Amino acid sequence: MNAPATTASDGRRPSERARARAAYRRAQHRRALLVAGVATALVLGAVVYVVTTAPGWERAREAFFSPERAWEVLPEVAAGLWLNLRVWVVASVVALVVGLLLAVVRTSRVPALFPLRILAVAYVDVFRGVPLLLVLLLVGFGLPALRLPWLPVSAAFLGGLSIVVCYTAYLAEIFRAGIESVHPSQLAAARSLGLSRGQAVRRVVLPQAVRNVTAPVASMLVSLQKDSGLISILGAVDAIRAAQIATTGDYNFTPYVVAGLLFLAISVPLTRLVDAWSARQGWRGELRGVAGAGVVR
Amino acid sequence: MNALQGAPLLALRDVRKSFGTGVDRKVVLDGVDLDVAEGACVVVVGSSGSGKSTLLRVVDLLEEVDDGQVLLDGEDVADPWVDADAVRARLAMVFQQYNLFPHLRVLDNVTLAPRVVHKVPRAEAEAAALEMLERVGLADKARAYPDQLSGGQQQRAAIARALVNGPELLLLDEVTSALDPELVGEVLDLLLSLRSEGVAGRPTTMLVATHEMGFAREVADEVVFLHAGRVHERGTPDQVLRDPRQERTREFLRRLR
């Protein structure tokens, strides 16, 4: 909302017209608040009514939202979450580095890299198109079957590897878009100064490319954190698996809710952080226009 | 200026360049000859689309020619077996849209090529860059990012970036065309002083594409009128701009007024 101009900053008394406008805006604002409040109350009320009058509500509440059970399993599930966090950090770093390398290889023009370029294209095509779950199953159960002596076969390692394999493909595509978003005039300026193509890419194109895609990359990493829960299907005792173990025997599903809340407790602040951070980056878009990129914006 | 003394620094011989193929083929340079002697200033004028920018980009090896020679000190640099990076490092170009690197501070924009291409140690490169920024009147903006500068300041920074390597030839591509009218003066004044006083006591050799007839009149040793990829008229500024012989040139100058 615009601040109502009841008093001008220079101490000048606003005109009759300005005060009438301000009063009207305040009235509109109050009305908007009222409508939003009533609508929210109606929706919430309807949801609560439907859920609490459902025939199975009493049993569902006990099975999913038992506070005592939640408190009991919290340490185990939180310990599982620690594995998720470790997988998240390691997989993020590896996928970022390899993804960026793939994007650079794919956009390079060095003839010697041609075979790698073909491989990069094929890799991205395949792993962007295959569901992560399927990759997990194939890697998790397929690789150990090879009985390679040097290959760790822990579920956490194989699960993390699958996540890296898929997210590298997603990130490579984002980085490629970033590289292509840098206006050709930047490359021309760098080459004109005598920089070789490689020097120009490293010093001029890549720094701008990475800045241009920080927001989508960050949101991809948030989503990786969440997908780290999928390693539970290989038996790694992460938050989800720990919750699953806790549900066996008594058919109380509260541990799942606990695991969900723990994931939310990490991903929601992370998302907000990323949003706030990319909003602060706003000036960079402006800068590109000013600095002579021309029509792109 | 004595354009006949010795071999010219830059000589274009029958340079041809077209874009596109088939029906879309557009001939941009249709057999251009041009000489720039060391220490001279040659100004190329002509309406937009006449091939001025392409001409400069061809010299800077940012475009490959279809045919003809680009002779730098007698060596044909249009040959594909010539080390293009080394040739570009001897030249410098200033672009219409400045093309500063937005992620680097002004100082780092200026020191990038000395450090990366000419392997000058950082401290030395920064000292030289600060001196050059002083020369273009931007010493106080060394730590600023390009987007914190006005258009005129950005273009002066781009000129400093071009000059800091001590180029043998400075290529200026419509360097005032993107500027607000009140900012054109500061850039033209700088270019005028580069002609009269030069850098390190040496007047800068320039090949300029411009719409600024006043500037052309003041600094050019030779004015070349380009139309549809051909040189239609060339001579001293007085002759070409005040007393043109060709109807095309007269028409162009009439439309400018």
# chains A, B, ... in the order shown; residues from 1 in each chain; ligands from 1
>>> closest_atom_pairs(of="chain B", to="chain A", cutoff="8 Å", atoms="only C-alpha atoms", output="Markdown table")
| residue | atom | partner | partner_atom | distance |
| --- | --- | --- | --- | --- |
| B:Asp60 | CA | A:Ser192 | CA | 6.6 |
| B:Leu62 | CA | A:Ala188 | CA | 6.9 |
| B:Asp85 | CA | A:Gly194 | CA | 4.9 |
| B:Ala86 | CA | A:Gly194 | CA | 6.4 |
| B:Val87 | CA | A:Gly194 | CA | 7.5 |
| B:Arg88 | CA | A:Gly194 | CA | 4.8 |
| B:Ala89 | CA | A:Gly194 | CA | 4.1 |
| B:Arg90 | CA | A:Gly194 | CA | 7.8 |
| B:Leu91 | CA | A:Leu193 | CA | 7.6 |
| B:Ala92 | CA | A:Leu193 | CA | 6.2 |
| B:Met93 | CA | A:Ser192 | CA | 6.4 |
| B:Phe95 | CA | A:Ala189 | CA | 7.9 |
| B:Gln97 | CA | A:Gly292 | CA | 4.5 |
| B:Tyr98 | CA | A:Gly292 | CA | 6.0 |
| B:Asn99 | CA | A:Gly292 | CA | 5.4 |
| B:Leu100 | CA | A:Ala291 | CA | 6.2 |
| B:Phe101 | CA | A:Val204 | CA | 6.9 |
| B:Pro102 | CA | A:Ala291 | CA | 6.2 |
| B:His103 | CA | A:Gln208 | CA | 6.5 |
| B:Ala113 | CA | A:Leu193 | CA | 6.0 |
| B:Val116 | CA | A:Leu195 | CA | 7.2 |
| B:Val117 | CA | A:Leu195 | CA | 5.9 |
| B:Pro146 | CA | A:Ala291 | CA | 6.6 |
| B:Asp147 | CA | A:Leu287 | CA | 5.1 |
| B:Gln154 | CA | A:Ala291 | CA | 8.0 |
| B:Ala162 | CA | A:Leu193 | CA | 7.2 |
>>> residues_around(residues="segment 204-206 of chain B", least_positions_apart="6", cutoff="6 Å", atoms="only C-alpha atoms", output="ChimeraX atom specification")
/B:38-41,169-171,195,198
>>> select_by_dssp(residues="segment 34-220 of chain B", states="helix (DSSP H, G or I)", output="count of residues only")
82
>>> atom_distance(atom1="atom CA of Gly201 of chain B", atom2="atom CA of Lys119 of chain B")
24.2 Å
>>> atom_distance(atom1="atom CA of Arg69 of chain A", atom2="atom CA of Pro55 of chain A")
22.8 Å
>>> closest_residue(among="A:Val93, A:Val87, A:Ala177, A:Val124", to="Asp227 of chain A", atoms="only C-alpha atoms")
A:Val87
